>>> print(open('query-v3.txt').read())   # compact mmCIF, C-alpha atoms and all ligand atoms
# COMPACT_ATOMS: atom_id res chain seq x y z
CA MET U 3 -21.59 221.82 -95.98
CA HIS U 4 -19.15 221.07 -93.16
CA ILE U 5 -15.72 222.61 -93.87
CA GLY U 6 -13.02 221.33 -91.49
CA VAL U 7 -9.68 223.03 -90.86
CA PRO U 8 -7.40 220.82 -88.76
CA ALA U 9 -4.20 221.96 -87.05
CA GLU U 10 -1.04 221.12 -89.00
CA THR U 11 1.13 218.52 -87.29
CA HIS U 12 4.24 218.23 -89.50
CA ALA U 13 7.48 219.35 -87.88
CA ARG U 14 8.23 223.05 -88.45
CA GLU U 15 4.81 223.67 -90.03
CA THR U 16 3.34 226.76 -88.40
CA ARG U 17 0.82 227.80 -91.05
CA VAL U 18 -2.93 227.19 -91.08
CA ALA U 19 -5.22 226.75 -94.11
CA ALA U 20 -7.90 229.25 -93.04
CA THR U 21 -7.90 232.57 -91.22
CA PRO U 22 -10.74 234.42 -89.49
CA GLU U 23 -11.09 236.43 -92.72
CA THR U 24 -11.69 233.38 -94.92
CA VAL U 25 -13.80 231.64 -92.25
CA ARG U 26 -16.13 234.64 -92.18
CA LYS U 27 -16.58 234.27 -95.96
CA PHE U 28 -17.32 230.53 -95.78
CA VAL U 29 -19.82 231.13 -92.96
CA ALA U 30 -21.48 233.92 -94.98
CA GLN U 31 -21.92 231.39 -97.80
CA GLY U 32 -23.91 229.23 -95.36
CA HIS U 33 -21.26 226.64 -94.48
CA ARG U 34 -20.50 225.17 -91.07
CA VAL U 35 -16.78 225.70 -90.35
CA THR U 36 -14.90 223.73 -87.71
CA ILE U 37 -11.35 224.61 -86.66
CA GLY U 38 -9.07 222.20 -84.82
CA SER U 39 -8.36 223.68 -81.41
CA GLY U 40 -5.18 225.78 -81.55
CA ALA U 41 -4.84 225.34 -85.36
CA GLY U 42 -3.99 229.00 -85.87
CA THR U 43 -1.97 229.67 -82.73
CA THR U 44 1.48 229.40 -84.33
CA ALA U 45 0.34 231.83 -87.02
CA SER U 46 -1.06 234.27 -84.42
CA PHE U 47 -4.72 233.47 -85.13
CA GLN U 48 -6.30 232.58 -81.81
CA ASP U 49 -9.28 230.25 -81.34
CA GLU U 50 -11.30 233.23 -80.09
CA ALA U 51 -10.77 235.08 -83.39
CA PHE U 52 -11.95 232.03 -85.36
CA ALA U 53 -14.96 231.67 -83.05
CA ALA U 54 -15.80 235.36 -83.49
CA ALA U 55 -15.72 234.78 -87.25
CA GLY U 56 -18.36 232.06 -86.86
CA ALA U 57 -16.29 228.85 -86.60
CA GLU U 58 -16.71 226.08 -84.04
CA ILE U 59 -13.52 225.11 -82.21
CA VAL U 60 -13.33 221.30 -82.20
CA ASP U 61 -10.95 218.36 -81.64
CA ALA U 62 -8.71 217.10 -84.45
CA ALA U 63 -10.93 214.15 -85.42
CA THR U 64 -13.96 216.43 -85.86
CA ALA U 65 -12.01 218.94 -87.98
CA PHE U 66 -10.91 216.04 -90.19
CA SER U 67 -14.50 214.78 -90.54
CA GLY U 68 -15.60 217.68 -92.80
CA ASP U 69 -17.15 217.20 -96.24
CA LEU U 70 -14.39 219.56 -97.33
CA VAL U 71 -11.08 219.55 -95.42
CA LEU U 72 -8.60 222.40 -95.83
CA LYS U 73 -4.96 221.62 -95.08
CA VAL U 74 -1.54 223.13 -95.65
CA GLN U 75 0.37 219.83 -95.89
CA SER U 76 -0.72 216.23 -96.53
CA PRO U 77 -2.38 214.48 -93.59
CA THR U 78 -0.20 212.03 -91.67
CA GLU U 79 -1.09 208.32 -91.85
CA SER U 80 -3.04 208.43 -88.60
CA GLU U 81 -4.91 211.56 -89.69
CA LEU U 82 -5.92 209.85 -92.94
CA SER U 83 -8.16 207.48 -91.01
CA TRP U 84 -10.21 210.45 -89.76
CA LEU U 85 -11.12 211.58 -93.28
CA LYS U 86 -14.56 210.52 -94.49
CA ARG U 87 -14.62 208.43 -97.68
CA GLY U 88 -15.88 210.75 -100.40
CA ALA U 89 -14.67 213.89 -98.62
CA VAL U 90 -12.78 216.55 -100.57
CA LEU U 91 -9.30 217.48 -99.38
CA ILE U 92 -7.42 220.61 -100.52
CA GLY U 93 -3.79 221.33 -99.68
CA MET U 94 -0.19 221.42 -100.82
CA LEU U 95 -0.27 217.65 -101.25
CA ASP U 96 3.08 217.10 -103.00
CA PRO U 97 1.73 216.10 -106.44
CA PHE U 98 4.97 214.46 -107.60
CA ASN U 99 4.98 212.09 -104.60
CA ALA U 100 3.33 208.97 -106.03
CA GLU U 101 3.34 207.08 -102.72
CA SER U 102 1.54 209.85 -100.89
CA ALA U 103 -1.01 210.21 -103.74
CA GLN U 104 -1.67 206.47 -103.54
CA LYS U 105 -2.35 206.71 -99.80
CA LEU U 106 -4.80 209.55 -100.33
CA ALA U 107 -6.54 207.56 -103.07
CA ALA U 108 -6.77 204.53 -100.77
CA ALA U 109 -8.42 206.73 -98.13
CA GLY U 110 -11.22 207.31 -100.65
CA VAL U 111 -10.95 211.09 -100.75
CA THR U 112 -11.10 213.46 -103.69
CA ALA U 113 -7.86 215.37 -103.26
CA PHE U 114 -6.63 218.56 -104.92
CA ALA U 115 -2.91 219.43 -104.86
CA LEU U 116 -2.79 223.18 -105.25
CA GLU U 117 0.88 223.23 -106.29
CA ALA U 118 -0.21 221.66 -109.58
CA ALA U 119 -2.34 224.62 -110.68
CA PRO U 120 -1.32 225.96 -114.10
CA ARG U 121 0.72 229.20 -114.17
CA THR U 122 -2.01 231.12 -116.00
CA THR U 123 -3.58 234.51 -115.39
CA ARG U 124 -6.86 232.93 -114.24
CA ALA U 125 -4.99 230.75 -111.72
CA GLN U 126 -2.91 233.60 -110.28
CA SER U 127 -5.15 234.27 -107.28
CA LEU U 128 -4.92 230.64 -106.15
CA ASP U 129 -1.25 230.13 -107.02
CA VAL U 130 0.18 228.77 -103.77
CA LEU U 131 3.66 228.28 -105.20
CA SER U 132 3.85 231.98 -105.93
CA SER U 133 2.34 233.18 -102.66
CA GLN U 134 4.62 230.99 -100.57
CA ALA U 135 7.79 231.37 -102.70
CA ASN U 136 7.42 235.13 -102.50
CA ILE U 137 7.57 234.88 -98.70
CA ALA U 138 10.42 232.35 -98.78
CA GLY U 139 12.51 234.65 -101.00
CA TYR U 140 11.99 237.54 -98.59
CA LYS U 141 12.77 235.47 -95.51
CA ALA U 142 15.88 233.93 -97.13
CA VAL U 143 17.48 237.36 -97.30
CA LEU U 144 16.62 238.14 -93.68
CA VAL U 145 18.01 234.76 -92.57
CA ALA U 146 21.18 235.40 -94.57
CA ALA U 147 21.55 238.90 -93.12
CA SER U 148 21.19 237.62 -89.57
CA LEU U 149 23.71 234.80 -90.07
CA TYR U 150 26.19 237.23 -91.68
CA SER U 151 28.56 238.81 -89.20
CA ARG U 152 28.80 242.12 -91.06
CA PHE U 153 26.47 244.86 -92.21
CA VAL U 154 24.55 244.43 -95.45
CA PRO U 155 24.30 248.13 -96.43
CA MET U 156 27.24 250.43 -97.01
CA LEU U 157 27.75 252.60 -93.95
CA MET U 158 29.86 255.71 -93.56
CA THR U 159 30.47 256.29 -89.88
CA ALA U 160 32.87 258.37 -87.78
CA ALA U 161 34.70 255.11 -87.08
CA GLY U 162 35.19 254.38 -90.75
CA THR U 163 33.34 253.10 -93.79
CA VAL U 164 31.73 249.66 -94.10
CA LYS U 165 31.36 248.21 -97.58
CA ALA U 166 27.98 246.97 -98.81
CA ALA U 167 27.57 243.17 -98.88
CA ARG U 168 27.77 241.51 -102.28
CA MET U 169 24.91 239.09 -102.87
CA LEU U 170 24.70 236.42 -105.53
CA ILE U 171 21.16 235.16 -106.20
CA LEU U 172 20.82 232.08 -108.39
CA GLY U 173 17.40 231.30 -109.81
CA ALA U 174 15.20 234.33 -110.44
CA GLY U 175 11.67 232.91 -110.34
CA VAL U 176 9.17 234.13 -107.77
CA ALA U 177 11.44 233.49 -104.76
CA GLY U 178 14.61 234.76 -106.43
CA LEU U 179 13.01 238.01 -107.63
CA GLN U 180 11.62 238.70 -104.16
CA ALA U 181 15.06 237.91 -102.70
CA ILE U 182 16.58 240.48 -105.08
CA ALA U 183 13.96 243.10 -104.14
CA THR U 184 14.51 242.47 -100.41
CA ALA U 185 18.30 242.51 -100.72
CA LYS U 186 18.06 245.78 -102.62
CA ARG U 187 15.99 247.32 -99.81
CA LEU U 188 18.74 246.25 -97.40
CA GLY U 189 21.36 247.97 -99.53
CA ALA U 190 23.23 244.96 -100.94
CA VAL U 191 25.08 244.95 -104.26
CA ILE U 192 23.39 242.14 -106.19
CA GLU U 193 24.19 239.82 -109.08
CA ALA U 194 21.62 237.28 -110.23
CA SER U 195 21.16 234.60 -112.82
CA ASP U 196 18.61 232.14 -114.21
CA VAL U 197 18.40 229.76 -117.14
CA ARG U 198 15.36 231.46 -118.62
CA PRO U 199 16.27 234.43 -120.84
CA ALA U 200 12.98 236.20 -120.02
CA VAL U 201 14.18 237.09 -116.52
CA LYS U 202 17.14 239.30 -117.58
CA GLU U 203 14.90 242.35 -117.80
CA GLN U 204 13.16 241.54 -114.49
CA ILE U 205 16.51 241.17 -112.70
CA GLU U 206 17.79 244.45 -114.10
CA SER U 207 14.55 246.30 -113.34
CA LEU U 208 15.04 245.39 -109.67
CA GLY U 209 18.48 246.96 -109.70
CA ALA U 210 20.61 243.80 -109.87
CA LYS U 211 23.24 242.85 -112.43
CA PHE U 212 22.30 239.97 -114.71
CA LEU U 213 24.96 237.25 -114.91
CA ASP U 214 24.77 236.02 -118.45
CA VAL U 215 25.74 232.53 -119.55
CA PRO U 216 25.18 232.86 -123.32
CA TYR U 217 23.65 229.91 -125.18
CA GLU U 218 25.95 228.31 -127.73
CA THR U 219 23.70 225.69 -129.34
CA ASP U 220 20.07 225.39 -130.44
CA GLU U 221 19.61 222.63 -127.87
CA GLU U 222 20.67 225.02 -125.07
CA ARG U 223 18.48 227.82 -126.43
CA GLU U 224 15.45 225.55 -126.65
CA ALA U 225 15.91 224.02 -123.19
CA ALA U 226 16.22 227.50 -121.69
CA GLN U 227 12.74 228.44 -122.90
CA GLY U 228 11.36 225.97 -120.36
CA VAL U 229 7.77 224.81 -120.42
CA GLY U 230 4.70 226.48 -118.93
CA GLY U 231 6.87 229.18 -117.31
CA TYR U 232 9.05 226.55 -115.60
CA ALA U 233 12.67 225.66 -116.23
CA ARG U 234 13.70 222.38 -117.84
CA PRO U 235 17.00 220.63 -117.14
CA MET U 236 19.73 222.37 -119.13
CA PRO U 237 22.28 220.50 -121.29
CA GLN U 238 25.53 219.64 -119.49
CA SER U 239 27.52 221.97 -121.79
CA TRP U 240 25.60 225.02 -120.52
CA LEU U 241 25.65 223.82 -116.89
CA THR U 242 29.44 223.49 -117.06
CA ARG U 243 29.85 227.06 -118.30
CA GLN U 244 27.33 228.27 -115.71
CA ALA U 245 29.28 226.45 -112.93
CA GLU U 246 32.52 228.18 -114.01
CA LEU U 247 30.90 231.62 -113.90
CA VAL U 248 29.12 230.89 -110.61
CA HIS U 249 32.41 229.67 -109.12
CA GLU U 250 34.11 232.97 -109.99
CA ARG U 251 31.23 235.14 -108.74
CA ALA U 252 30.67 233.11 -105.53
CA LYS U 253 34.35 233.74 -104.60
CA GLN U 254 33.57 237.47 -104.54
CA ALA U 255 30.19 237.17 -102.81
CA ASP U 256 29.42 237.67 -99.13
CA ILE U 257 25.98 236.09 -99.35
CA VAL U 258 24.71 233.53 -101.85
CA ILE U 259 21.04 232.64 -102.12
CA THR U 260 20.03 229.73 -104.36
CA THR U 261 16.42 229.18 -105.43
CA ALA U 262 16.69 226.96 -108.53
CA LEU U 263 14.03 224.27 -108.88
CA ILE U 264 12.79 222.08 -111.72
CA PRO U 265 9.28 220.67 -111.15
CA GLY U 266 9.23 216.90 -110.61
CA ARG U 267 13.02 216.57 -110.70
CA PRO U 268 15.87 216.97 -108.25
CA ALA U 269 16.98 220.59 -107.96
CA PRO U 270 20.11 221.33 -110.05
CA THR U 271 23.51 221.58 -108.37
CA LEU U 272 24.66 225.18 -108.72
CA ILE U 273 27.22 225.57 -105.94
CA SER U 274 29.73 222.71 -105.87
CA VAL U 275 31.79 221.67 -102.86
CA GLU U 276 34.84 223.25 -104.55
CA THR U 277 32.95 226.50 -104.98
CA VAL U 278 32.02 226.57 -101.28
CA GLN U 279 35.68 225.89 -100.45
CA SER U 280 36.70 228.88 -102.54
CA MET U 281 34.20 231.24 -100.83
CA LYS U 282 35.30 233.82 -98.27
CA PRO U 283 35.31 232.82 -94.59
CA GLY U 284 32.28 234.40 -92.95
CA SER U 285 30.21 234.24 -96.10
CA VAL U 286 26.71 232.77 -95.99
CA LEU U 287 24.78 230.47 -98.32
CA VAL U 288 21.00 230.13 -97.95
CA ASP U 289 19.78 227.21 -100.06
CA LEU U 290 16.04 227.37 -100.78
CA ALA U 291 16.23 224.03 -102.58
CA ALA U 292 17.31 222.30 -99.33
CA GLY U 293 15.98 218.75 -99.16
CA ARG U 294 15.08 218.77 -102.87
CA GLY U 295 18.47 218.21 -104.51
CA PRO U 296 20.01 214.94 -105.71
CA ASP U 297 20.55 212.06 -103.24
CA ILE U 298 23.86 212.27 -101.39
CA ASP U 299 24.71 209.32 -99.12
CA GLY U 300 21.05 208.62 -98.40
CA ARG U 301 20.02 212.23 -97.78
CA LYS U 302 18.93 215.01 -100.11
CA GLY U 303 21.01 218.18 -100.47
CA GLY U 304 19.81 221.27 -102.29
CA ASN U 305 21.38 223.50 -104.97
CA CYS U 306 24.56 222.76 -103.00
CA PRO U 307 25.47 219.18 -102.10
CA LEU U 308 26.74 220.28 -98.67
CA THR U 309 23.32 221.64 -97.65
CA VAL U 310 21.67 219.68 -94.85
CA ALA U 311 17.88 219.99 -94.70
CA ASP U 312 16.69 222.04 -91.73
CA GLN U 313 20.17 222.61 -90.37
CA VAL U 314 22.62 225.46 -90.35
CA ILE U 315 26.13 224.09 -90.80
CA VAL U 316 29.55 225.70 -91.21
CA HIS U 317 31.89 224.33 -93.87
CA ASN U 318 35.36 225.88 -94.19
CA GLY U 319 34.09 229.06 -92.56
CA VAL U 320 31.05 229.30 -94.85
CA THR U 321 27.65 229.14 -93.10
CA ILE U 322 25.12 227.07 -95.06
CA ALA U 323 21.45 227.36 -94.07
CA GLY U 324 19.11 224.61 -95.30
CA TYR U 325 15.72 225.68 -94.00
CA THR U 326 13.08 223.74 -95.94
CA ASN U 327 10.06 225.77 -94.89
CA LEU U 328 11.00 229.44 -94.88
CA ALA U 329 7.39 230.48 -95.54
CA SER U 330 6.45 228.94 -92.18
CA MET U 331 8.89 231.37 -90.56
CA VAL U 332 6.53 234.18 -91.62
CA ALA U 333 3.53 232.15 -90.46
CA SER U 334 0.89 234.83 -90.15
CA ASP U 335 1.20 236.41 -93.59
CA ALA U 336 2.02 233.07 -95.22
CA SER U 337 -1.24 231.68 -93.77
CA ALA U 338 -3.22 234.76 -94.76
CA LEU U 339 -2.10 234.50 -98.39
CA TYR U 340 -2.42 230.72 -98.49
CA ALA U 341 -5.92 230.85 -96.98
CA ARG U 342 -6.99 233.33 -99.67
CA ASN U 343 -5.54 231.02 -102.34
CA VAL U 344 -7.58 228.16 -100.85
CA LEU U 345 -10.78 230.24 -100.63
CA ASP U 346 -10.33 231.19 -104.26
CA PHE U 347 -9.86 227.58 -105.29
CA THR U 348 -13.04 226.51 -103.46
CA ARG U 349 -15.02 228.84 -105.74
CA LEU U 350 -14.20 226.41 -108.56
CA ILE U 351 -15.53 223.34 -106.75
CA ILE U 352 -18.48 224.65 -104.73
CA SER U 353 -21.63 225.42 -106.72
CA LYS U 354 -23.90 228.42 -106.07
CA GLU U 355 -26.20 226.03 -104.20
CA GLY U 356 -23.29 225.14 -101.89
CA ALA U 357 -22.67 221.61 -103.23
CA LEU U 358 -19.29 220.13 -104.15
CA THR U 359 -18.76 219.65 -107.89
CA VAL U 360 -15.73 218.43 -109.82
CA ASP U 361 -15.83 219.96 -113.28
CA LEU U 362 -12.99 218.39 -115.22
CA THR U 363 -13.56 220.74 -118.15
CA ASP U 364 -12.07 223.46 -115.92
CA ASP U 365 -8.31 223.39 -116.57
CA ILE U 366 -7.43 224.37 -112.99
CA VAL U 367 -9.67 221.68 -111.48
CA ALA U 368 -8.35 219.06 -113.90
CA ALA U 369 -4.68 219.98 -113.31
CA THR U 370 -4.92 219.94 -109.51
CA LEU U 371 -7.06 216.80 -109.11
CA LEU U 372 -4.74 214.24 -107.51
CA CYS U 373 -7.11 211.36 -106.80
CA ARG U 374 -10.77 210.45 -106.86
CA ASP U 375 -12.91 207.33 -106.34
CA GLY U 376 -9.92 205.41 -105.01
CA GLU U 377 -7.75 206.12 -108.07
CA VAL U 378 -4.76 208.43 -108.54
CA THR U 379 -5.85 210.63 -111.44
CA ARG U 380 -2.70 212.72 -111.86
CA LYS U 381 -0.14 211.14 -114.16
P1 LIG W 401 10.59 227.43 -109.65
O1 LIG W 401 10.39 227.65 -108.18
O2 LIG W 401 10.15 226.13 -110.24
O3 LIG W 401 12.14 227.65 -110.00
C1 LIG W 401 12.84 228.75 -109.52
C2 LIG W 401 13.75 229.31 -110.61
O4 LIG W 401 14.88 228.44 -110.80
C3 LIG W 401 13.10 229.44 -111.97
O5 LIG W 401 13.13 230.80 -112.37
C4 LIG W 401 13.97 228.56 -112.86
O6 LIG W 401 14.08 229.07 -114.19
C5 LIG W 401 15.28 228.59 -112.12
N1 LIG W 401 16.26 227.56 -112.51
C6 LIG W 401 16.08 226.25 -112.79
N2 LIG W 401 17.26 225.66 -113.12
C7 LIG W 401 18.22 226.62 -113.00
C8 LIG W 401 19.64 226.65 -113.20
N3 LIG W 401 20.32 225.56 -113.58
N4 LIG W 401 20.27 227.83 -113.00
C9 LIG W 401 19.62 228.95 -112.64
N5 LIG W 401 18.30 228.98 -112.45
C10 LIG W 401 17.60 227.84 -112.62
O7 LIG W 401 9.89 228.59 -110.47
P2 LIG W 401 8.77 229.64 -110.02
O8 LIG W 401 9.43 230.75 -109.32
O9 LIG W 401 7.65 228.94 -109.32
O10 LIG W 401 8.19 230.12 -111.42
C11 LIG W 401 8.98 230.27 -112.54
C12 LIG W 401 8.31 231.27 -113.46
O11 LIG W 401 6.95 230.90 -113.73
C13 LIG W 401 8.16 232.68 -112.91
O12 LIG W 401 9.30 233.43 -112.88
C14 LIG W 401 7.13 233.23 -113.88
O13 LIG W 401 7.73 233.63 -115.07
C15 LIG W 401 6.27 232.05 -114.11
N6 LIG W 401 5.03 232.23 -113.35
C16 LIG W 401 3.91 232.58 -114.04
C17 LIG W 401 2.72 232.78 -113.35
C18 LIG W 401 1.48 233.17 -114.07
O14 LIG W 401 1.55 233.45 -115.23
N7 LIG W 401 0.36 233.16 -113.41
C19 LIG W 401 2.67 232.58 -111.97
C20 LIG W 401 3.84 232.22 -111.30
C21 LIG W 401 5.00 232.04 -111.99
>>> encode(input="query-v3.txt", output="structure tokens")
Amino acid sequence: MHIGVPAETHARETRVAATPETVRKFVAQGHRVTIGSGAGTTASFQDEAFAAAGAEIVDAATAFSGDLVLKVQSPTESELSWLKRGAVLIGMLDPFNAESAQKLAAAGVTAFALEAAPRTTRAQSLDVLSSQANIAGYKAVLVAASLYSRFVPMLMTAAGTVKAARMLILGAGVAGLQAIATAKRLGAVIEASDVRPAVKEQIESLGAKFLDVPYETDEEREAAQGVGGYARPMPQSWLTRQAELVHERAKQADIVITTALIPGRPAPTLISVETVQSMKPGSVLVDLAAGRGPDIDGRKGGNCPLTVADQVIVHNGVTIAGYTNLASMVASDASALYARNVLDFTRLIISKEGALTVDLTDDIVAATLLCRDGEVTRK
């Protein structure tokens, strides 16, 4: 089978869907692998390394002409025309974007959106949301530390003592927990919160203080359980109490990192404009939900309405970073983990004889299938 790995062309996308390590495995299975020239350069994987692993270095159109095409992000409209009808496409294809799914269906490809994999033990090794969020959480802390004009750890020097930075981390899923772990390694004093009660223990085991917003009704308690490991929108009563607590804690914080997401819905607003205005001058907010929040005057904010996607702005002395692709800022390791996720997924759709099969009785295959035979299959 011909497996094509084109270069990514979206702005700020530096990752690549295969590495020399995964190419070597595909080649060992008897496949022909083509890599778009320069596809791995921004992730520090040179064409020569791919060639040494057994790949052919080709132009973009050839890489897109594979029977199986491995991507990080959805192809652009012009790239879609290079895909063969009947080809299989794997990537982070934005499964909640109906328009994009329709375009892929119209191109006649069988497409798998890896973000839609279930959060089960069997799916862990191909869980791209986890592998990439882990990196984003780590990088968010480093970005915050470099935008912050003070030290993060406590320092006792001959010239006096510097206090440790206080960090507030909102949302303690994969990204938030890694942000806590990274902030701890840097010596910050950390408070963290989430809607799901299960994370209290995880937050505390990483050495952070859990900010509790107790549930007052059965409706709040039930919503907080989430579904499939994910959060659901919380009732307004709980969100109001959470906002009051967050407002008080954000006033004391030097660095705030927000990571709250709800699949298929706009990210919740956790840091209001008033809260930002009450924060200390020089403090920093890194909003991992940038570009995924509610619509504000024709643009999307994040967990804070002031966040501007892919910009660093200063509001009332508070620096707000809205990077939308933090994983791409750690391109080499992000690609290495993503490529292993992809390789693992291909084991579900390539038979021992090397043929492509779509077994809809497999829950991972069924959940990730976005379109097939010209139809969008994902509801
Ligand atoms: P996510 O990226 O969708 O959301 C990030 C976090 O935001 C979540 O923890 C969510 O509860 C939180 N959040 C949503 N609304 C909030 C609000 N108003 N205030 C505060 N926090 C809010 O989630 P994720 O990190 O991809 O995964 C969530 C959970 O799924 C993980 O923590 C884990 O328990 C589970 N998971 C399970 C597996 C597995 O079993 N294989 C794999 C990955 C994740």
>>> residues_near_ligand(input="query-v3.txt", ligand="ligand LIG 401 (chain W)", cutoff="9 Å", atoms="only C-alpha atoms and all ligand atoms", output="VMD selection string")
chain U and resid 120 to 127 129 131 to 133 135 to 136 172 to 179 194 to 201 226 to 228 230 to 236 240 to 241 244 260 to 265 269 to 272 291 305
>>> atom_distance(input="query-v3.txt", atom1="atom CA of Val90 of chain U", atom2="atom CA of Gln104 of chain U")
15.3 Å
>>> closest_residue(input="query-v3.txt", among="U:Val310, U:Val360, U:Val258, U:Ile298", to="Tyr325 of chain U", atoms="only C-alpha atoms")
U:Val310
>>> closest_residue(input="query-v3.txt", among="U:Asp364, U:Glu58, U:Glu15, U:Asp49", to="Ile351 of chain U", atoms="all atoms listed in the file")
U:Asp364
>>> atom_distance(input="query-v3.txt", atom1="atom CA of Phe52 of chain U", atom2="atom CA of Ala329 of chain U")
21.9 Å
>>> residues_around(input="query-v3.txt", residues="Pro268 of chain U", least_positions_apart="6", cutoff="8 Å", atoms="all atoms listed in the file", output="PyMOL selection string")
chain U and resi 294-296
>>> build_atoms(input="query-v3.txt", residues="segment 249-269 of chain U", atoms="N, CA and C atoms", output="JSON list (two decimals), keeping the file's coordinate frame")
[["chain", "number", "residue", "atom", "x", "y", "z"],
["U", 249, "HIS", "N", 31.23, 229.87, -109.97],
["U", 249, "HIS", "CA", 32.41, 229.67, -109.12],
["U", 249, "HIS", "C", 33.17, 231.00, -108.94],
["U", 250, "GLU", "N", 33.37, 231.69, -110.05],
["U", 250, "GLU", "CA", 34.11, 232.97, -109.99],
["U", 250, "GLU", "C", 33.35, 234.02, -109.19],
["U", 251, "ARG", "N", 32.02, 234.11, -109.43],
["U", 251, "ARG", "CA", 31.23, 235.14, -108.74],
["U", 251, "ARG", "C", 31.03, 234.81, -107.26],
["U", 252, "ALA", "N", 30.89, 233.51, -106.94],
["U", 252, "ALA", "CA", 30.67, 233.11, -105.53],
["U", 252, "ALA", "C", 31.91, 233.44, -104.69],
["U", 253, "LYS", "N", 33.10, 233.40, -105.32],
["U", 253, "LYS", "CA", 34.35, 233.74, -104.60],
["U", 253, "LYS", "C", 34.31, 235.17, -104.10],
["U", 254, "GLN", "N", 33.63, 236.03, -104.88],
["U", 254, "GLN", "CA", 33.57, 237.47, -104.54],
["U", 254, "GLN", "C", 32.39, 237.79, -103.61],
["U", 255, "ALA", "N", 31.45, 236.84, -103.51],
["U", 255, "ALA", "CA", 30.19, 237.17, -102.81],
["U", 255, "ALA", "C", 30.33, 237.03, -101.30],
["U", 256, "ASP", "N", 29.51, 237.82, -100.58],
["U", 256, "ASP", "CA", 29.42, 237.67, -99.13],
["U", 256, "ASP", "C", 28.23, 236.78, -98.77],
["U", 257, "ILE", "N", 27.20, 236.87, -99.59],
["U", 257, "ILE", "CA", 25.98, 236.09, -99.35],
["U", 257, "ILE", "C", 25.53, 235.50, -100.68],
["U", 258, "VAL", "N", 25.25, 234.19, -100.66],
["U", 258, "VAL", "CA", 24.71, 233.53, -101.85],
["U", 258, "VAL", "C", 23.34, 232.96, -101.49],
["U", 259, "ILE", "N", 22.37, 233.21, -102.35],
["U", 259, "ILE", "CA", 21.04, 232.64, -102.12],
["U", 259, "ILE", "C", 20.68, 231.85, -103.37],
["U", 260, "THR", "N", 20.37, 230.56, -103.20],
["U", 260, "THR", "CA", 20.03, 229.73, -104.36],
["U", 260, "THR", "C", 18.57, 229.34, -104.28],
["U", 261, "THR", "N", 17.88, 229.44, -105.42],
["U", 261, "THR", "CA", 16.42, 229.18, -105.43],
["U", 261, "THR", "C", 16.03, 228.31, -106.62],
["U", 262, "ALA", "N", 17.00, 227.64, -107.26],
["U", 262, "ALA", "CA", 16.69, 226.96, -108.53],
["U", 262, "ALA", "C", 15.97, 225.64, -108.31],
["U", 263, "LEU", "N", 14.82, 225.50, -108.96],
["U", 263, "LEU", "CA", 14.03, 224.27, -108.88],
["U", 263, "LEU", "C", 13.59, 223.88, -110.28],
["U", 264, "ILE", "N", 13.37, 222.58, -110.47],
["U", 264, "ILE", "CA", 12.79, 222.08, -111.72],
["U", 264, "ILE", "C", 11.66, 221.13, -111.31],
["U", 265, "PRO", "N", 10.40, 221.47, -111.64],
["U", 265, "PRO", "CA", 9.28, 220.67, -111.15],
["U", 265, "PRO", "C", 9.45, 219.17, -111.44],
["U", 266, "GLY", "N", 9.22, 218.35, -110.42],
["U", 266, "GLY", "CA", 9.23, 216.90, -110.61],
["U", 266, "GLY", "C", 10.61, 216.28, -110.73],
["U", 267, "ARG", "N", 11.65, 217.10, -110.57],
["U", 267, "ARG", "CA", 13.02, 216.57, -110.70],
["U", 267, "ARG", "C", 13.85, 217.09, -109.55],
["U", 268, "PRO", "N", 15.00, 216.42, -109.29],
["U", 268, "PRO", "CA", 15.87, 216.97, -108.25],
["U", 268, "PRO", "C", 16.35, 218.37, -108.65],
["U", 269, "ALA", "N", 16.50, 219.23, -107.68],
["U", 269, "ALA", "CA", 16.98, 220.59, -107.96],
["U", 269, "ALA", "C", 18.41, 220.51, -108.52]]
